[in-house]
Each structure stands twice: as structure tokens, then as C-alpha cells.
Amino acid sequence: MQDEQREIRDFYQRPEDEQQAFLEQTWCDNCLEENLGMSDPQEYLYKGILFVEGRCKKCGEAVLTELTEEDF
Ligand SMILES: [Zn+2]
């Protein structure tokens, strides 16, 4: 991914309950487990898709949640 095509959003502008949902409802490709949780969330828009990227609370690898337009 090229950084210049990302539109950075402020994750912390979201309501508290949405933040919690994003932080808890994760899928980790490294652990192959869902809902392990993430830390250090960063939100950005890339090619019309909204991403919330953070670190897996279990293994520390990057986890990515993708939202299509119907979701946001
Ligand atoms: Zn993990």
C-alpha cells in the first residue's frame, strides 16, 4: 500500500461503543483466531474501503479490519 493514497481518519472520533467493537471484533491471520482484540488502532480510507489497522493483542502482529461502504 502506498501511503499517499490513504486518507487518514481519526479513529477516536467514533462513539465509544463503536471503538470497543472494532477493538474487540478482530481476525488475526497469524493466530488464525477471531476476536483476540487489537491495540494501537489506526483508521484510514483507501480506494473507497475503510480500514482499521492495529496490533493483535495476543501475538503483536498487524491485524486489519475492512469495512465496505454498506458498513459505514
Ligand atoms: Zn495474533
# chains A, B, ... in the order shown; residues from 1 in each chain; ligands from 1
>>> closest_atom_pairs(of="chain A", to="ligand 1", cutoff="9 Å", atoms="only C-alpha atoms and all ligand atoms", output="CSV")
residue,atom,partner,partner_atom_place_in_ligand_line,distance
A:Trp27,CA,ligand 1,1 (Zn),8.0
A:Cys28,CA,ligand 1,1 (Zn),4.8
A:Asp29,CA,ligand 1,1 (Zn),6.7
A:Asn30,CA,ligand 1,1 (Zn),5.0
A:Cys31,CA,ligand 1,1 (Zn),4.2
A:Leu32,CA,ligand 1,1 (Zn),7.2
A:Glu33,CA,ligand 1,1 (Zn),7.2
A:Glu34,CA,ligand 1,1 (Zn),8.8
A:Leu36,CA,ligand 1,1 (Zn),7.1
A:Gly37,CA,ligand 1,1 (Zn),8.7
A:Met38,CA,ligand 1,1 (Zn),8.8
A:Arg55,CA,ligand 1,1 (Zn),7.8
A:Cys56,CA,ligand 1,1 (Zn),4.6
A:Lys57,CA,ligand 1,1 (Zn),6.6
A:Lys58,CA,ligand 1,1 (Zn),5.0
A:Cys59,CA,ligand 1,1 (Zn),4.2
A:Gly60,CA,ligand 1,1 (Zn),6.1
A:Glu61,CA,ligand 1,1 (Zn),5.7
A:Ala62,CA,ligand 1,1 (Zn),7.8
A:Val63,CA,ligand 1,1 (Zn),7.5
>>> select_by_dssp(residues="chain A", states="helix (DSSP H, G or I)", output="list in words")
Asp3, Glu4, Gln5, Phe11, Tyr12, Gln13, Glu16, Asp17, Glu18, Gln19, Gln20, Ala21, Phe22, Leu23, Glu24, Glu69, Glu70 and Asp71 of chain A
>>> residues_around(residues="Glu7 of chain A", least_positions_apart="2", cutoff="12 Å", atoms="only C-alpha atoms", output="list in words")
Gln2, Asp3, Glu4, Gln5, Arg9, Asp10, Gln42, Glu43, Tyr44, Leu45, Tyr46, Lys47, Gly48, Ile49, Leu50, Phe51 and Val52 of chain A
>>> write_last_selection(atoms="N, CA and C atoms", output="PDB file, in the first residue's frame")
ATOM      1  N   GLN A   2       0.449   2.216  -0.735  1.00  0.00           N
ATOM      2  CA  GLN A   2       1.195   3.471  -0.772  1.00  0.00           C
ATOM      3  C   GLN A   2       0.510   4.506   0.111  1.00  0.00           C
ATOM      4  N   ASP A   3       1.301   5.061   0.990  1.00  0.00           N
ATOM      5  CA  ASP A   3       0.757   5.972   1.989  1.00  0.00           C
ATOM      6  C   ASP A   3       0.023   7.174   1.412  1.00  0.00           C
ATOM      7  N   GLU A   4       0.479   7.675   0.284  1.00  0.00           N
ATOM      8  CA  GLU A   4      -0.131   8.908  -0.252  1.00  0.00           C
ATOM      9  C   GLU A   4      -1.568   8.692  -0.722  1.00  0.00           C
ATOM     10  N   GLN A   5      -1.955   7.430  -0.905  1.00  0.00           N
ATOM     11  CA  GLN A   5      -3.324   7.159  -1.338  1.00  0.00           C
ATOM     12  C   GLN A   5      -4.250   6.912  -0.159  1.00  0.00           C
ATOM     13  N   ARG A   9      -8.163   8.770   8.875  1.00  0.00           N
ATOM     14  CA  ARG A   9      -9.315   9.195   9.674  1.00  0.00           C
ATOM     15  C   ARG A   9      -8.931   9.111  11.156  1.00  0.00           C
ATOM     16  N   ASP A  10      -9.678   9.832  11.945  1.00  0.00           N
ATOM     17  CA  ASP A  10      -9.418   9.782  13.389  1.00  0.00           C
ATOM     18  C   ASP A  10     -10.321   8.740  14.041  1.00  0.00           C
ATOM     19  N   GLN A  42      -5.536   2.357  14.047  1.00  0.00           N
ATOM     20  CA  GLN A  42      -5.405   3.471  13.108  1.00  0.00           C
ATOM     21  C   GLN A  42      -6.465   3.254  12.042  1.00  0.00           C
ATOM     22  N   GLU A  43      -7.164   4.327  11.716  1.00  0.00           N
ATOM     23  CA  GLU A  43      -8.238   4.210  10.742  1.00  0.00           C
ATOM     24  C   GLU A  43      -7.889   4.994   9.499  1.00  0.00           C
ATOM     25  N   TYR A  44      -8.144   4.417   8.340  1.00  0.00           N
ATOM     26  CA  TYR A  44      -7.909   5.145   7.096  1.00  0.00           C
ATOM     27  C   TYR A  44      -8.790   4.623   5.977  1.00  0.00           C
ATOM     28  N   LEU A  45      -8.986   5.505   4.999  1.00  0.00           N
ATOM     29  CA  LEU A  45      -9.770   5.175   3.817  1.00  0.00           C
ATOM     30  C   LEU A  45      -8.794   4.948   2.676  1.00  0.00           C
ATOM     31  N   TYR A  46      -8.957   3.842   1.989  1.00  0.00           N
ATOM     32  CA  TYR A  46      -8.059   3.516   0.894  1.00  0.00           C
ATOM     33  C   TYR A  46      -8.872   2.911  -0.238  1.00  0.00           C
ATOM     34  N   LYS A  47      -8.899   3.588  -1.375  1.00  0.00           N
ATOM     35  CA  LYS A  47      -9.659   3.114  -2.544  1.00  0.00           C
ATOM     36  C   LYS A  47     -11.110   2.792  -2.201  1.00  0.00           C
ATOM     37  N   GLY A  48     -11.730   3.662  -1.417  1.00  0.00           N
ATOM     38  CA  GLY A  48     -13.141   3.511  -1.103  1.00  0.00           C
ATOM     39  C   GLY A  48     -13.445   2.480  -0.038  1.00  0.00           C
ATOM     40  N   ILE A  49     -12.422   1.903   0.535  1.00  0.00           N
ATOM     41  CA  ILE A  49     -12.622   0.925   1.607  1.00  0.00           C
ATOM     42  C   ILE A  49     -12.045   1.500   2.888  1.00  0.00           C
ATOM     43  N   LEU A  50     -12.805   1.358   3.958  1.00  0.00           N
ATOM     44  CA  LEU A  50     -12.335   1.854   5.240  1.00  0.00           C
ATOM     45  C   LEU A  50     -11.615   0.729   5.989  1.00  0.00           C
ATOM     46  N   PHE A  51     -10.449   1.038   6.468  1.00  0.00           N
ATOM     47  CA  PHE A  51      -9.656   0.056   7.199  1.00  0.00           C
ATOM     48  C   PHE A  51      -9.420   0.531   8.622  1.00  0.00           C
ATOM     49  N   VAL A  52      -9.467  -0.404   9.543  1.00  0.00           N
ATOM     50  CA  VAL A  52      -8.971  -0.141  10.891  1.00  0.00           C
ATOM     51  C   VAL A  52      -7.844  -1.144  11.123  1.00  0.00           C
TER      52      VAL A  52
END
>>> select_by_dssp(residues="chain A", states="strand (DSSP E or B)", output="PyMOL selection string")
chain A and resi 6-9+27-28+33-34+38-46+49-56+62-67
>>> write_last_selection(atoms="C-alpha atoms", output="mmCIF file, in the first residue's frame")
data_model
loop_
_atom_site.group_PDB
_atom_site.id
_atom_site.type_symbol
_atom_site.label_atom_id
_atom_site.label_comp_id
_atom_site.auth_asym_id
_atom_site.auth_seq_id
_atom_site.Cartn_x
_atom_site.Cartn_y
_atom_site.Cartn_z
ATOM 1 C CA ARG A 6 -4.524 6.730 2.192
ATOM 2 C CA GLU A 7 -6.930 9.178 3.728
ATOM 3 C CA ILE A 8 -6.256 9.042 7.433
ATOM 4 C CA ARG A 9 -9.315 9.195 9.674
ATOM 5 C CA TRP A 27 -9.446 -11.530 12.925
ATOM 6 C CA CYS A 28 -5.751 -12.345 13.248
ATOM 7 C CA GLU A 33 -8.353 -16.776 15.656
ATOM 8 C CA GLU A 34 -11.085 -14.202 15.847
ATOM 9 C CA MET A 38 -6.268 -5.160 18.843
ATOM 10 C CA SER A 39 -4.245 -2.300 20.238
ATOM 11 C CA ASP A 40 -2.943 0.912 18.610
ATOM 12 C CA PRO A 41 -5.860 1.289 16.179
ATOM 13 C CA GLN A 42 -5.405 3.471 13.108
ATOM 14 C CA GLU A 43 -8.238 4.210 10.742
ATOM 15 C CA TYR A 44 -7.909 5.145 7.096
ATOM 16 C CA LEU A 45 -9.770 5.175 3.817
ATOM 17 C CA TYR A 46 -8.059 3.516 0.894
ATOM 18 C CA ILE A 49 -12.622 0.925 1.607
ATOM 19 C CA LEU A 50 -12.335 1.854 5.240
ATOM 20 C CA PHE A 51 -9.656 0.056 7.199
ATOM 21 C CA VAL A 52 -8.971 -0.141 10.891
ATOM 22 C CA GLU A 53 -5.471 -1.411 11.442
ATOM 23 C CA GLY A 54 -3.952 -2.349 14.752
ATOM 24 C CA ARG A 55 -1.863 -4.940 16.524
ATOM 25 C CA CYS A 56 -3.093 -8.305 17.722
ATOM 26 C CA ALA A 62 -0.764 -6.396 12.421
ATOM 27 C CA VAL A 63 -4.485 -7.025 12.191
ATOM 28 C CA LEU A 64 -6.727 -5.326 9.686
ATOM 29 C CA THR A 65 -10.476 -4.865 9.714
ATOM 30 C CA GLU A 66 -12.008 -3.911 6.362
ATOM 31 C CA LEU A 67 -15.334 -2.165 6.048
#
>>> decode(residues="chain A", atoms="C-alpha atoms", output="tab-separated table (two decimals), in the first residue's frame")
chain	number	residue	atom	x	y	z
A	1	MET	CA	0.00	0.00	0.00
A	2	GLN	CA	1.19	3.47	-0.77
A	3	ASP	CA	0.76	5.97	1.99
A	4	GLU	CA	-0.13	8.91	-0.25
A	5	GLN	CA	-3.32	7.16	-1.34
A	6	ARG	CA	-4.52	6.73	2.19
A	7	GLU	CA	-6.93	9.18	3.73
A	8	ILE	CA	-6.26	9.04	7.43
A	9	ARG	CA	-9.32	9.19	9.67
A	10	ASP	CA	-9.42	9.78	13.39
A	11	PHE	CA	-10.48	6.53	14.96
A	12	TYR	CA	-11.10	8.25	18.29
A	13	GLN	CA	-13.83	10.42	16.73
A	14	ARG	CA	-16.02	7.33	16.72
A	15	PRO	CA	-18.51	6.74	19.53
A	16	GLU	CA	-17.12	4.76	22.44
A	17	ASP	CA	-19.21	1.66	21.68
A	18	GLU	CA	-18.03	1.57	18.06
A	19	GLN	CA	-14.44	1.89	19.17
A	20	GLN	CA	-14.93	-1.03	21.54
A	21	ALA	CA	-16.48	-3.15	18.78
A	22	PHE	CA	-13.56	-2.51	16.45
A	23	LEU	CA	-11.04	-3.24	19.16
A	24	GLU	CA	-12.71	-6.49	20.14
A	25	GLN	CA	-14.05	-7.89	16.87
A	26	THR	CA	-10.87	-8.78	15.05
A	27	TRP	CA	-9.45	-11.53	12.92
A	28	CYS	CA	-5.75	-12.34	13.25
A	29	ASP	CA	-4.11	-14.00	10.22
A	30	ASN	CA	-1.19	-15.01	12.37
A	31	CYS	CA	-3.11	-16.63	15.25
A	32	LEU	CA	-5.95	-17.76	12.93
A	33	GLU	CA	-8.35	-16.78	15.66
A	34	GLU	CA	-11.09	-14.20	15.85
A	35	ASN	CA	-11.85	-11.61	18.49
A	36	LEU	CA	-8.44	-11.61	20.14
A	37	GLY	CA	-8.58	-7.84	20.22
A	38	MET	CA	-6.27	-5.16	18.84
A	39	SER	CA	-4.24	-2.30	20.24
A	40	ASP	CA	-2.94	0.91	18.61
A	41	PRO	CA	-5.86	1.29	16.18
A	42	GLN	CA	-5.41	3.47	13.11
A	43	GLU	CA	-8.24	4.21	10.74
A	44	TYR	CA	-7.91	5.14	7.10
A	45	LEU	CA	-9.77	5.17	3.82
A	46	TYR	CA	-8.06	3.52	0.89
A	47	LYS	CA	-9.66	3.11	-2.54
A	48	GLY	CA	-13.14	3.51	-1.10
A	49	ILE	CA	-12.62	0.92	1.61
A	50	LEU	CA	-12.34	1.85	5.24
A	51	PHE	CA	-9.66	0.06	7.20
A	52	VAL	CA	-8.97	-0.14	10.89
A	53	GLU	CA	-5.47	-1.41	11.44
A	54	GLY	CA	-3.95	-2.35	14.75
A	55	ARG	CA	-1.86	-4.94	16.52
A	56	CYS	CA	-3.09	-8.31	17.72
A	57	LYS	CA	-3.22	-8.33	21.50
A	58	LYS	CA	-2.08	-11.93	21.58
A	59	CYS	CA	0.84	-12.04	19.12
A	60	GLY	CA	1.54	-8.39	18.28
A	61	GLU	CA	1.20	-8.87	14.52
A	62	ALA	CA	-0.76	-6.40	12.42
A	63	VAL	CA	-4.48	-7.02	12.19
A	64	LEU	CA	-6.73	-5.33	9.69
A	65	THR	CA	-10.48	-4.86	9.71
A	66	GLU	CA	-12.01	-3.91	6.36
A	67	LEU	CA	-15.33	-2.16	6.05
A	68	THR	CA	-17.21	-1.92	2.80
A	69	GLU	CA	-19.45	1.06	2.16
A	70	GLU	CA	-22.60	-0.62	3.44
A	71	ASP	CA	-20.94	-0.87	6.84
A	72	PHE	CA	-20.14	2.78	7.43
